[in-house]
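S.K.: Before anything else, here's the structure in question.
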Amino acid sequence: MAVSFKEVTKRFPDGTTALDRLDLEFDLGEFIVLLGPSGSGKTTACRLLAGLEAPSGGRIEIGGKDITDLPPRFRDIGMVFQNYALYSHKSVFENIAYPLRIRKVAAPEIERLVKEVADLLRIGDYLHRKPAQLSGGQAQRVAVARALVWEPAICLMDEPLSNLDALLRLHMRTELNRLHRKLDKTFVFVTHDQEEAMTLATRIAVLRDGKLVQFDEPRTIYRRPANRFVAEFMGRPAMNTIDGMVEGGVFRAGDIACAVDCADGPLMLGIRPEQIELADHATTSSVTLTVDVKEAIEPDTLLIFQNRGNSVTLRTQSNCDAIEPGQPVGLRFPKEALHYFDARSGERLR
Ligand code: ATP
């Protein structure tokens with residue numbers, strides 16, 4: 001049973017195209033992360049799947065059944081909103097019980113199911129409280145419990161962690177991983193945090209301007225980004241992308257030169273900051289650049305170089321105590337770490 005978006009377009013009355021012929025298909029049981037910059041259409045995709053908005057074109061199917069016109073309450077989908085949308089006058093117990101009450105589940109069964117999901121999310125001690133008496137992390141768990149208690153096949157989460165402080169966010173991320181492994185449900189999770197996407201997803205759908213730019217496992221998105229946009233979006237600091245020219249197997253841009261496996265002509269070369277190596281001695285295979293800025297992000301160090309319009313960032317765990325701004329440093333760009341992009345379109349060449 002798969003979930004499919006088939007050429008789904010969403011145009012709002014003001015003329016904004018939020019989704020542009022989106023084709024996306026995933027299996028039940030996956031943890032799908034929708035990732036992209038602000039305005040790329042992530043929330044819209046969620047709202048269409050939940051049935052809170054209707055598409056302007058295309059269709060959505062679950063298990064081969066067209067659900068495009070099915071009202072939300074008939075879809076097997078629970079949803080967690082960014083602001084949690086808890087009922088402030090109801091207790092935690094009643095908030096979680098709500099989806100069961102509207103489905104006319106018998107009272108003893110409600111008691112059992114609420115307790116079960118509350119234990120799973122470690123909020124069993126707070127069932128009598130009101131939402132205002134909860135911490136951000138606890139409120140977030142209540143919202144997740146309410147989305148899961150009636151056991152929908154799919155749980156949609158639109159930036160559920162964005163209101164939490166950094167530490168709690170990390171903790172909840174681990175909890176969601178645990179929950180997904182335990183429950184065997186489909187999670188569709190919206191974020192613009194690439195680290196969250198990397199750690200949670202079975203597959204990441206990268207959106208840009210309402211279009212799907214890449215849909216792959218996290219490691220493939222990192223190791224083989226489909227184009228310059230994905231390359232620069234995934235990884236911190238971003239991948240270096242350098243515009244230059246290839247002649248006889250050598251790429252040149254300013255003082256940067258390195259051996260490549262590419263045909264002659266313009267090329268955009270990509271290399272991740274953590275894959276550039278410090279060269280102890282100037283050798284034929286290294287490049288010498290002058291350090292512009294040095295930043296310690298313990299235990300790593302960032303060295304940033306400026307060279308004739310190109311900025312190059314290196315991230316290393318080597319000891320850089322002796323390196324200061326203004327100093328020349330030898331760098332090596334290992335061939336196996338290079339990414340080749342079309343100089344004009346930015347699409348990956350191979
Ligand atoms: P964010 O990360 O900021 O939440 P997003 O990727 O979730 O962004 P959407 O909220 O899906 O993006 O919005 C996609 C585009 O559609 C944006 O340009 C947005 O301004 C526009 N949009 C969203 N809702 C409406 C609406 N009701 N009317 C008009 N335009 C809308």
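Convention: chains lettered A, B, ... in structure tokens order; per-chain residue numbering from 1; ligands numbered from 1 as shown.
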Can you work out which residues are within 9 Å of ligand 1, considering only C-alpha atoms and all ligand atoms, and then hand them over as number ranges by chain?
M.R.: A: 10-19, 34-47, 158-159, 190-192, 207-210
S.K.: Please identify all polymer residues within 12 Å of Glu61 of chain A, counting only C-alpha atoms, omitting same-chain residues fewer than 5 positions from it, and present them as a VMD selection string.
M.R.: chain A and resid 1 to 8 23 to 27 48 to 51 66 to 70 75
S.K.: Leaving out segment 316-318 of chain A and any residue of its chain fewer than 5 positions from it, which residues lie within 12 Å of it when counting only C-alpha atoms, given as a list in words?
M.R.: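 The residues that qualify are Pro237, Arg272, Pro273, Glu274, Gln275, Ile276, Glu277, Leu278, Ala279, Asp280, Lys294, Glu295, Ala296, Ile297, Glu298, Pro299, Asp300, Thr301, Leu302, Leu303, Ile304, Ile323 and Leu331 of chain A.
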S.K.: Need the shell around Ala118 of chain A: protein/DNA/RNA residues with any atom at most 10 Å away, counting only C-alpha atoms. Skip same-chain ones fewer than 2 positions apart. Format as a PDB file with N, CA and C atoms, in the first residue's frame?
M.R.:
```pdb
ATOM      1  N   VAL A  92      -5.320  16.961  29.647  1.00  0.00           N
ATOM      2  CA  VAL A  92      -4.474  16.187  28.741  1.00  0.00           C
ATOM      3  C   VAL A  92      -5.201  14.906  28.325  1.00  0.00           C
ATOM      4  N   PHE A  93      -5.819  14.235  29.316  1.00  0.00           N
ATOM      5  CA  PHE A  93      -6.553  13.002  29.007  1.00  0.00           C
ATOM      6  C   PHE A  93      -7.601  13.244  27.934  1.00  0.00           C
ATOM      7  N   ILE A  96      -6.217  13.916  24.428  1.00  0.00           N
ATOM      8  CA  ILE A  96      -5.791  12.695  23.728  1.00  0.00           C
ATOM      9  C   ILE A  96      -7.006  11.843  23.344  1.00  0.00           C
ATOM     10  N   ARG A 112      -8.303   2.733  28.190  1.00  0.00           N
ATOM     11  CA  ARG A 112      -7.169   1.833  27.918  1.00  0.00           C
ATOM     12  C   ARG A 112      -6.233   2.432  26.859  1.00  0.00           C
ATOM     13  N   LEU A 113      -6.819   2.911  25.765  1.00  0.00           N
ATOM     14  CA  LEU A 113      -6.006   3.407  24.648  1.00  0.00           C
ATOM     15  C   LEU A 113      -5.232   4.674  25.023  1.00  0.00           C
ATOM     16  N   VAL A 114      -5.894   5.577  25.780  1.00  0.00           N
ATOM     17  CA  VAL A 114      -5.227   6.821  26.184  1.00  0.00           C
ATOM     18  C   VAL A 114      -4.052   6.505  27.104  1.00  0.00           C
ATOM     19  N   LYS A 115      -4.286   5.603  28.064  1.00  0.00           N
ATOM     20  CA  LYS A 115      -3.203   5.234  29.004  1.00  0.00           C
ATOM     21  C   LYS A 115      -2.026   4.620  28.248  1.00  0.00           C
ATOM     22  N   GLU A 116      -2.372   3.767  27.279  1.00  0.00           N
ATOM     23  CA  GLU A 116      -1.328   3.066  26.525  1.00  0.00           C
ATOM     24  C   GLU A 116      -0.435   4.054  25.765  1.00  0.00           C
ATOM     25  N   LEU A 120       3.508   5.251  26.318  1.00  0.00           N
ATOM     26  CA  LEU A 120       4.462   5.191  25.204  1.00  0.00           C
ATOM     27  C   LEU A 120       5.208   6.517  25.069  1.00  0.00           C
ATOM     28  N   LEU A 121       4.485   7.619  25.269  1.00  0.00           N
ATOM     29  CA  LEU A 121       5.088   8.944  25.112  1.00  0.00           C
ATOM     30  C   LEU A 121       5.555   9.545  26.447  1.00  0.00           C
ATOM     31  N   ARG A 122       5.493   8.724  27.494  1.00  0.00           N
ATOM     32  CA  ARG A 122       5.993   9.125  28.824  1.00  0.00           C
ATOM     33  C   ARG A 122       5.318  10.383  29.362  1.00  0.00           C
ATOM     34  N   ILE A 123       3.977  10.459  29.202  1.00  0.00           N
ATOM     35  CA  ILE A 123       3.226  11.581  29.764  1.00  0.00           C
ATOM     36  C   ILE A 123       2.107  11.070  30.668  1.00  0.00           C
ATOM     37  N   GLY A 124       2.229   9.808  31.082  1.00  0.00           N
ATOM     38  CA  GLY A 124       1.202   9.188  31.906  1.00  0.00           C
ATOM     39  C   GLY A 124       0.924   9.931  33.207  1.00  0.00           C
ATOM     40  N   ASP A 125       1.914  10.659  33.704  1.00  0.00           N
ATOM     41  CA  ASP A 125       1.733  11.360  34.987  1.00  0.00           C
ATOM     42  C   ASP A 125       1.020  12.697  34.840  1.00  0.00           C
ATOM     43  N   TYR A 126       0.776  13.124  33.627  1.00  0.00           N
ATOM     44  CA  TYR A 126       0.235  14.482  33.427  1.00  0.00           C
ATOM     45  C   TYR A 126      -1.201  14.479  32.906  1.00  0.00           C
ATOM     46  N   LEU A 127      -1.850  13.330  32.910  1.00  0.00           N
ATOM     47  CA  LEU A 127      -3.138  13.223  32.230  1.00  0.00           C
ATOM     48  C   LEU A 127      -4.212  14.153  32.788  1.00  0.00           C
ATOM     49  N   ARG A 141       4.395  16.205  23.157  1.00  0.00           N
ATOM     50  CA  ARG A 141       4.088  14.775  23.287  1.00  0.00           C
ATOM     51  C   ARG A 141       2.585  14.532  23.306  1.00  0.00           C
ATOM     52  N   VAL A 142       1.848  15.445  23.958  1.00  0.00           N
ATOM     53  CA  VAL A 142       0.390  15.297  23.997  1.00  0.00           C
ATOM     54  C   VAL A 142      -0.166  15.385  22.566  1.00  0.00           C
ATOM     55  N   VAL A 144       1.376  14.629  19.824  1.00  0.00           N
ATOM     56  CA  VAL A 144       1.724  13.397  19.104  1.00  0.00           C
ATOM     57  C   VAL A 144       0.812  12.257  19.579  1.00  0.00           C
ATOM     58  N   ALA A 145       0.566  12.198  20.893  1.00  0.00           N
ATOM     59  CA  ALA A 145      -0.296  11.143  21.440  1.00  0.00           C
ATOM     60  C   ALA A 145      -1.703  11.234  20.829  1.00  0.00           C
ATOM     61  N   ARG A 146      -2.215  12.461  20.710  1.00  0.00           N
ATOM     62  CA  ARG A 146      -3.553  12.650  20.148  1.00  0.00           C
ATOM     63  C   ARG A 146      -3.596  12.218  18.678  1.00  0.00           C
ATOM     64  N   VAL A 149      -3.369   8.094  18.844  1.00  0.00           N
ATOM     65  CA  VAL A 149      -4.179   7.249  19.728  1.00  0.00           C
ATOM     66  C   VAL A 149      -5.205   6.400  18.967  1.00  0.00           C
TER      67      VAL A 149
END
```
S.K.: Please, what distance in Å, to one decimal, runs between atom CA of Arg73 of chain A and atom CA of Ala132 of chain A?
M.R.: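 Atom CA of Arg73 of chain A sits 27.6 Å away from atom CA of Ala132 of chain A.
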S.K.: Can you pull out every residue within 9 Å of Gln194 of chain A, counting only C-alpha atoms, but drop anything in the same chain fewer than 4 positions away, and send it as a list in words?
M.R.: Leu35, Gly36, Met198, Thr199, Phe233, Met234, Gly235 and Arg236 of chain A
S.K.: Write the residues of the selection above to a file with N, CA and C atoms, as a PDB file, in the first residue's frame.
M.R.:
```
ATOM      1  N   LEU A  35      11.523  18.321   3.008  1.00  0.00           N
ATOM      2  CA  LEU A  35      12.553  19.290   3.379  1.00  0.00           C
ATOM      3  C   LEU A  35      12.643  20.353   2.290  1.00  0.00           C
ATOM      4  N   GLY A  36      12.796  21.590   2.714  1.00  0.00           N
ATOM      5  CA  GLY A  36      12.960  22.645   1.710  1.00  0.00           C
ATOM      6  C   GLY A  36      12.915  23.993   2.378  1.00  0.00           C
ATOM      7  N   MET A 198      18.073  14.415   8.094  1.00  0.00           N
ATOM      8  CA  MET A 198      19.085  13.369   7.945  1.00  0.00           C
ATOM      9  C   MET A 198      18.913  12.256   8.970  1.00  0.00           C
ATOM     10  N   THR A 199      18.593  12.648  10.217  1.00  0.00           N
ATOM     11  CA  THR A 199      18.575  11.648  11.277  1.00  0.00           C
ATOM     12  C   THR A 199      17.256  10.879  11.348  1.00  0.00           C
ATOM     13  N   PHE A 233      22.241  22.887   0.063  1.00  0.00           N
ATOM     14  CA  PHE A 233      21.238  22.891   1.125  1.00  0.00           C
ATOM     15  C   PHE A 233      21.578  21.871   2.212  1.00  0.00           C
ATOM     16  N   MET A 234      22.162  20.724   1.816  1.00  0.00           N
ATOM     17  CA  MET A 234      22.461  19.652   2.760  1.00  0.00           C
ATOM     18  C   MET A 234      23.913  19.711   3.182  1.00  0.00           C
ATOM     19  N   GLY A 235      24.162  19.749   4.472  1.00  0.00           N
ATOM     20  CA  GLY A 235      25.536  19.770   4.977  1.00  0.00           C
ATOM     21  C   GLY A 235      25.859  21.135   5.539  1.00  0.00           C
ATOM     22  N   ARG A 236      26.533  21.159   6.689  1.00  0.00           N
ATOM     23  CA  ARG A 236      26.942  22.423   7.319  1.00  0.00           C
ATOM     24  C   ARG A 236      28.417  22.356   7.643  1.00  0.00           C
TER      25      ARG A 236
END
```
